[in-house]
Amino acid sequence: MKWIYIVITVLLSIPNLYAQSTIVQKDTTKVLQEVNVSAKGKKKIKTDTKLAVSVDEFLASSQSISFIKRGAYAWEPMLNNMSSERSSVTIDGMHVFGACTDKMDPITSYVETNNLSTVAIKSGQEGNLHGATVAGSIDLQRKNTAFGLDKKMSGNYQTGFEFNNKQYFNLADLSYSGQKFAADGSISFRNAKNYYDGNNKEVKHSQFNKFNSSLGLAFKTGERSALRVDAIYDKAKDVGFPALPMDLWLSRALITSASYKQLFEESLVQFWDTKIYYNAIEHYMDDTTRPENLVHMDMPGWSTTYGLLSKIALQRGDYSSEIQLNAYDNLSIAEMRMYPQDRSNRTMFAYSWPWVTTRFAGLSNNNSWNLSARSHIIVGGSLGVNYNYSKYVEFNWIFHPGAPQEKTRLLPGLHGSYHMSIDRFDFSAGVGYGHRAPSISEAYGYYIYNSFDRYDYIGNPNLKNEVSYETNASIGYKTDRLGIQAKVNYFYIQGYIVGKILSMGSPMNYQSVGVKGYTALDHANIFNLALSGHYDILPTLHWKGSLTYARATDGRGGNLPFIRPLSYQSSLQYQHKQFGIQTSINGDAIQRDYSPEYGEDKTPAYQIWNLSADYSLPIRKVNLTLQAGAENILNAYYSTYADWGNIPRMGRNIFTSLKCNF
Amino acid sequence: MEKIILFLTVLCYALTSCTKEKTDYEAEINTIIPERTQFEEVATIQNGPYTLRIEALGGKLYKGYNEVRLKISSQGQPRVSEATLLPIQTGLDEQTATCPHLHQLTYKADNDYFEGYIVFTDESSEMARWDLQFGFIANKQQHNSIQHVTVQKQSNKNLNMISFIGSDGEQYIIALVAPQKPKVAENDLVAGIYKLNKPTTGSTLAFYSQAEGYTLELDPRMPEPSMGNHSSPNNKDLLPGADGLYHGVVNYTMTGNWTLNFILLNQQGRIIKGTVVPDDFTPGVAGVKSELHIDILF
């Protein structure tokens with residue numbers, strides 16, 4: 001693995017090598033395509049009823065993503081009903097690892113909607129381009145303005161106020177596109193107080209404060225090449241987590257990268273994009289706001305990642321391919337310090353992540369062949385090497401005597417699918433096979449308190465890879481006014497990692513009822529079904545709807561936790577000139593297949609009704625959009641199957657926003 | 001562009017410097033536990049041509065288990081190959097007693113010193129003055145030396161000792177020998193168990209001997225009330241080893257105060273001392289300690 005280090009060190013130590021090389025980006029069709037994509041993406045970051053949304057709200061509108069919510073902030077995305085360690089969550093392909101052992105900082109919490117252009121979600125092994133995965137990938141793609149656009153400057157400003165939690169936000173971004181230089185910058189502030197549930201009761205410790213800014217600078221270095229440096233700085237302070245016994249005092253992330261892209265004309269190779277990146281996250285929990293806690297604790301965490309990715313896109317005739325090299329080195333540290341009631345006594349200290357290094361290097365390849373005008377196949381694979389090192393392995397030895405300090409795993413992945421369109425129908429069918437390595441908590445975690453089932457969790461360095469076999473299919477029908485689609489996928493996962501009650505050890509956290517160790521189930525089955533449709537009732541009136549169903553068992557007939565019950569979403573949109581009105585309902589059916597073994601109880605059904613109206617007002621070159629609306633109009637009191645500790649969701653929320661862009 | 005890159009680099013450093021420092025876990029243990037790794041001189045005695053140099057870890061003697069070395073240098077004289085040690089405690093009324101120790105010191109030819117141990121049962125005070133009596137044979141002649149020493153209060157709780165009378169009416173001493181500096185880890189726990197023998201006729205001193213064939217059952221717990229009687233897995237009871245000491249395994253799951261709860265069983269498995277501690281998790285309430293326990297801290 002040393003070579004990764006060497007490569008990264010060399011690349012980092014000679015940044016001016018890029019500056020001296022002479023290559024430029026030309027206004028080829030490729031570049032223009034990218035502009036189109038990002039312009040489309042800009043429209044994408046909204047929901048059916050809301051124009052100004054947070055990243056979480058936006059992701060929640062996707063069928064394949066559900067959320068574990070521990071409060072109003074930093075929801076943990078679940079892809080295909082699998083928790084976040086099973087999916088590869090990246091920012092522009094860069095791996096970033098949260099620094100909180102309690103998953104209070106998923107990667108999605110370190111970006112903001114105004115520095116993203118789109119979010120690419122891929123299901124299952126199709127998502128293995130950026131590294132090994134089981135559930136799929138979520139790639140948060142940043143804004144990336146092309147060179148030489150007609151419009152040199154463009155910008156957006158959004159502000160708004162939400163009444164329920166007195167949230168106000170200000171988001172601004174500015175882009176510049178010159179012949180040789182392009183830049184994107186964004187800045188945002190969000191501030192929210194506690195929210196109120198459907199019984200108009202204040203949900204204490206649900207406030208948040210977030211600051212996010214980003215800067216991207218691109219320089220043409222030659223006819224068809226460009227150098228780009230990017231940075232995101234995100235800071236969240238005083239964030240409450242009502243479902244947890246602790247809040248967040250401060251979390252900061254610095255996410256930086258430098259990339260070099262070379263385009264090729266009329267050759268097999270379309271482009272070659274290489275990026276080096278560095279990100280550092282610090283996360284400090286805080287329980288001083290919870291005087292009811294018996295024990296005062298400090299739980300700081302740090303995560304630092306260096307990485308490299310290099311991608312080549314090939315195309316010849318009906319064949320196109322992408323090959324990507326991924327390499328990263330991450331060091332995750334989490335500490336736990338408990339203070340005795342008599343503060344003159346010695347504090348008690350342990351590492352919940354004992355300085356765990358993860359190094360990964362892998363090669364991924366995706367190929368697409370157009371067999372005919374109506375059908376194509378996609379075949380791909382990836383092979384990665386995953387290396388872990390636990391510096392204070394003696395912590396792990398307490399529960400797993402003699403466990404190796406270092407562990408190297410091989411992570412293969414394969415997928416293939418066939419796509420066909422006949423008349424108004426299109427079909428696809430695919431299969432996949434892939435491995436993933438246990439996460440840091442699963443392999444090396446030490447007394448990580450899970451407030452959901454109230455157990456302390458112990459990692460197991462000897463866990464085997466989780467091996468997934470998946471199959472998926474889809475069928476769609478489309479006319480000018482109507483579109484319907486059905487998608488199914490099924491995962492058979494060997495060695496599915498879950499927490500099992502250990503007969504040894506005793507709890508360390510005072511709220512805990514016992515100790516669970518991460519162990520592998522023989523296998524688990526996960527089945528997901530999603531139906532969606534849209535229909536243009538009138539040229540000005542559009543309907544959209546979706547239905548999802550999932551079922552997951554642990555192989556012995558028991559249910560897996562956090563599996564979304566039958567859920568539905570339906571929205572109507574009416575547009576008349578500059579005026580638009582939208583309404584939607586969404587809800588979950590009763591959670592029949594819950595899992596008491598993992599701390600779940602039966603969650604009743606709920607239904608939410610939302611309504612909003614907007615008006616666009618062009619004033620010279622500036623386009624103003626005003627929106628007002630209400631979520632959960634009927635003020636339903638509810639919590640979902642994935643609300644940590646059954647914390648109630650927000651009651652009626654009236655929101656207003658103003659957006660202007662030029 | 002170089003300027004921009006430079007600016008970004010500086011910015012990176014400014015932003016990535018952590019708000020809170022990471023804990024230097026190993027250094028933190030060192031602040032609680034005095035490091036005593038080197039054998040240093042405790043005292044030197046001159047006996048004719050012979051110089052006796054007494055050494056202990058850190059150059060000081062403490063209540064509890066002490067490993068001691070005796071170096072005898074003999075200018076021009078033949079090498080001394082046998083030496084004995086006898087610690088004597090003198091009380092206020094001039095009555096004398098001894099403590100567990102190795103009487104016949106072991107000669108280490110490689111390094112030319114004698115090795116032994118002393119388990120001081122009290123720290124030096126007016127009520128307990130300590131002298132070390134050395135004897136050695138040189139030129140077929142018995143030489144004796146005596147040296148007054150000061151026994152300090154044990155500053156490392158991991159070397160604490162306990163003395164008690166068992167259910168068999170005998171007096172016992174349990175002294176912790178290792179680990180001197182525990183870690184959050186599996187630690188090899190070593191203790192000496194000594195039994196006081198009845199004075200033999202004609203002797204005023206009652207000697208201790210190493211207890212043989214006993215079992216010392218172990219149940220480590222954190223005494224802090226908020227830890228709710230927390231314990232650790234995979235501990236092993238202490239059993240006698242070839243070196244006459246008792247060896248077991250203790251797992252400490254975090255730093256801080258711990259109580260080693262013991263039950264001492266004799267060769268027949270009868271309880272000499274100690275009680276079973278409840279294993280309930282009782283947040284906010286300090287756990288019950290065994291009648292036989294030693295508190296440690298790291």
# chains A, B, ... in the order shown; residues from 1 in each chain; ligands from 1
$ select_by_dssp --residues "region 90-151 of chain A" --states "helix (DSSP H, G or I)" --output "PyMOL selection string"
chain A and resi 107-110+113-115+124-130
$ closest_atom_pairs --of "chain B" --to "chain A" --cutoff "10 Å" --atoms "only C-alpha atoms" --output "CSV"
residue,atom,partner,partner_atom,distance
B:Met1,CA,A:Ala19,CA,7.3
B:Glu2,CA,A:Asn16,CA,7.1
B:Ile4,CA,A:Leu217,CA,9.4
B:Ile5,CA,A:Pro15,CA,8.2
B:Leu6,CA,A:Pro15,CA,9.9
B:Leu8,CA,A:Ala231,CA,8.7
B:Cys12,CA,A:Leu254,CA,7.7
B:Leu15,CA,A:Leu254,CA,7.1
B:Thr16,CA,A:Ala280,CA,6.5
B:Ser17,CA,A:Ala280,CA,9.4
B:Cys18,CA,A:Glu282,CA,7.1
B:Thr19,CA,A:Glu282,CA,7.9
B:Lys20,CA,A:Pro300,CA,8.0
B:Glu21,CA,A:Pro300,CA,9.3
B:Lys22,CA,A:Glu335,CA,8.2
B:Thr23,CA,A:Glu335,CA,7.9
B:Tyr25,CA,A:Phe349,CA,8.2
B:Glu28,CA,A:Phe349,CA,9.6
B:Ile29,CA,A:Phe349,CA,10.0
B:Ile32,CA,A:Arg346,CA,9.0
B:Lys183,CA,A:Glu394,CA,8.2
B:Val184,CA,A:Phe395,CA,6.1
B:Ala185,CA,A:Glu394,CA,4.7
B:Glu186,CA,A:Ile398,CA,5.7
B:Asn187,CA,A:Ile398,CA,9.4
B:Arg221,CA,A:Ser506,CA,9.8
B:Met222,CA,A:Met508,CA,9.7
B:Glu224,CA,A:Pro340,CA,6.6
B:Pro225,CA,A:Gln341,CA,7.7
B:Ser226,CA,A:Val295,CA,6.1
B:Met227,CA,A:Tyr510,CA,6.4
B:Gly228,CA,A:Tyr510,CA,6.8
B:Asn229,CA,A:Ser506,CA,8.5
B:His230,CA,A:Ser506,CA,5.7
B:Ser231,CA,A:Ser506,CA,5.6
B:Ser232,CA,A:Gly505,CA,4.9
B:Pro233,CA,A:Gly505,CA,4.5
B:Asn234,CA,A:Ile398,CA,7.0
B:Asn235,CA,A:Ile398,CA,9.1
B:Val250,CA,A:Ile398,CA,9.4
B:Asn251,CA,A:Ile398,CA,6.2
B:Tyr252,CA,A:Ile398,CA,7.9
B:Thr253,CA,A:Ala350,CA,7.2
B:Met254,CA,A:Ala350,CA,4.9
B:Thr255,CA,A:Met348,CA,4.9
B:Gly256,CA,A:Met348,CA,4.7
B:Asn257,CA,A:Arg346,CA,7.1
B:Asp279,CA,A:Ser506,CA,8.5
B:Asp280,CA,A:Ser506,CA,8.8
B:Phe281,CA,A:Ser506,CA,7.2
B:Thr282,CA,A:Tyr510,CA,8.3
B:Pro283,CA,A:Tyr510,CA,5.4
B:Gly284,CA,A:Leu294,CA,7.1
B:Leu297,CA,A:Arg346,CA,8.3
B:Phe298,CA,A:Arg346,CA,8.5
$ residues_around --residues "region 258-272 of chain B" --least-positions-apart "2" --cutoff "7 Å" --atoms "only C-alpha atoms" --output "JSON list (two decimals) with C-alpha atoms, in the first residue's frame"
[["chain", "number", "residue", "atom", "x", "y", "z"],
["B", 166, "GLY", "CA", -8.62, -15.73, 56.42],
["B", 167, "SER", "CA", -11.46, -17.99, 57.46],
["B", 168, "ASP", "CA", -8.83, -20.57, 58.42],
["B", 213, "GLY", "CA", -1.83, -24.10, 45.31],
["B", 214, "TYR", "CA", -4.36, -21.41, 46.05],
["B", 215, "THR", "CA", -6.69, -19.78, 43.54],
["B", 216, "LEU", "CA", -7.43, -16.07, 43.46],
["B", 217, "GLU", "CA", -10.72, -15.43, 41.71],
["B", 218, "LEU", "CA", -10.93, -12.07, 40.02],
["B", 219, "ASP", "CA", -13.83, -9.74, 39.20],
["B", 220, "PRO", "CA", -12.68, -6.23, 38.21],
["B", 221, "ARG", "CA", -15.22, -3.41, 38.52],
["B", 222, "MET", "CA", -15.23, 0.35, 38.19],
["B", 223, "PRO", "CA", -16.18, 1.84, 41.56],
["B", 256, "GLY", "CA", -9.63, 5.55, 35.80],
["B", 274, "GLY", "CA", -13.83, -12.71, 49.70],
["B", 275, "THR", "CA", -17.41, -12.41, 48.59],
["B", 289, "LYS", "CA", -17.03, -4.49, 46.68],
["B", 290, "SER", "CA", -15.82, -7.90, 47.73],
["B", 292, "LEU", "CA", -11.29, -8.91, 49.68],
["B", 293, "HIS", "CA", -10.37, -6.28, 47.14],
["B", 294, "ILE", "CA", -7.61, -3.95, 46.03],
["B", 295, "ASP", "CA", -8.26, -0.56, 44.41],
["B", 296, "ILE", "CA", -6.08, 0.48, 41.52],
["B", 297, "LEU", "CA", -5.87, 3.59, 39.37]]
$ atom_distance --atom1 "CA of Ala403 (chain A)" --atom2 "CA of Pro179 (chain B)"
21.6 Å
$ closest_residue --among "A:Lys602, A:Lys193, A:Arg224, A:Lys261" --to "Phe163 (chain A)" --atoms "only C-alpha atoms"
A:Lys193
$ atom_distance --atom1 "CA of Gln262 (chain A)" --atom2 "CA of Gly178 (chain A)"
18.2 Å
$ closest_residue --among "B:Pro49, B:Gly248, B:Pro100, B:Gly287" --to "Ile88 (chain B)" --atoms "only C-alpha atoms"
B:Pro100
$ residues_around --residues "His247 (chain B)" --least-positions-apart "5" --cutoff "6 Å" --atoms "only C-alpha atoms" --output "list of chain:residue names"
B:Leu189, B:Val190, B:Leu238, B:Leu239
$ residues_around --residues "Tyr574 (chain A)" --least-positions-apart "5" --cutoff "8 Å" --atoms "only C-alpha atoms" --output "list in words"
Thr540, Leu541, His542, Gly580, Ile581 and Gln582 of chain A
$ closest_residue --among "B:Asn158, B:Ser163, B:Ser73, B:Thr44" --to "Gln180 (chain B)" --atoms "only C-alpha atoms"
B:Asn158
$ residues_around --residues "Pro648 (chain A)" --least-positions-apart "5" --cutoff "7 Å" --atoms "only C-alpha atoms" --output "list in words"
Asp197, Tyr637, Tyr638 and Ser639 of chain A
$ residues_around --residues "Asn47 (chain B)" --least-positions-apart "3" --cutoff "7 Å" --atoms "only C-alpha atoms" --output "list of chain:residue names"
B:Tyr50, B:Thr51, B:Ser145
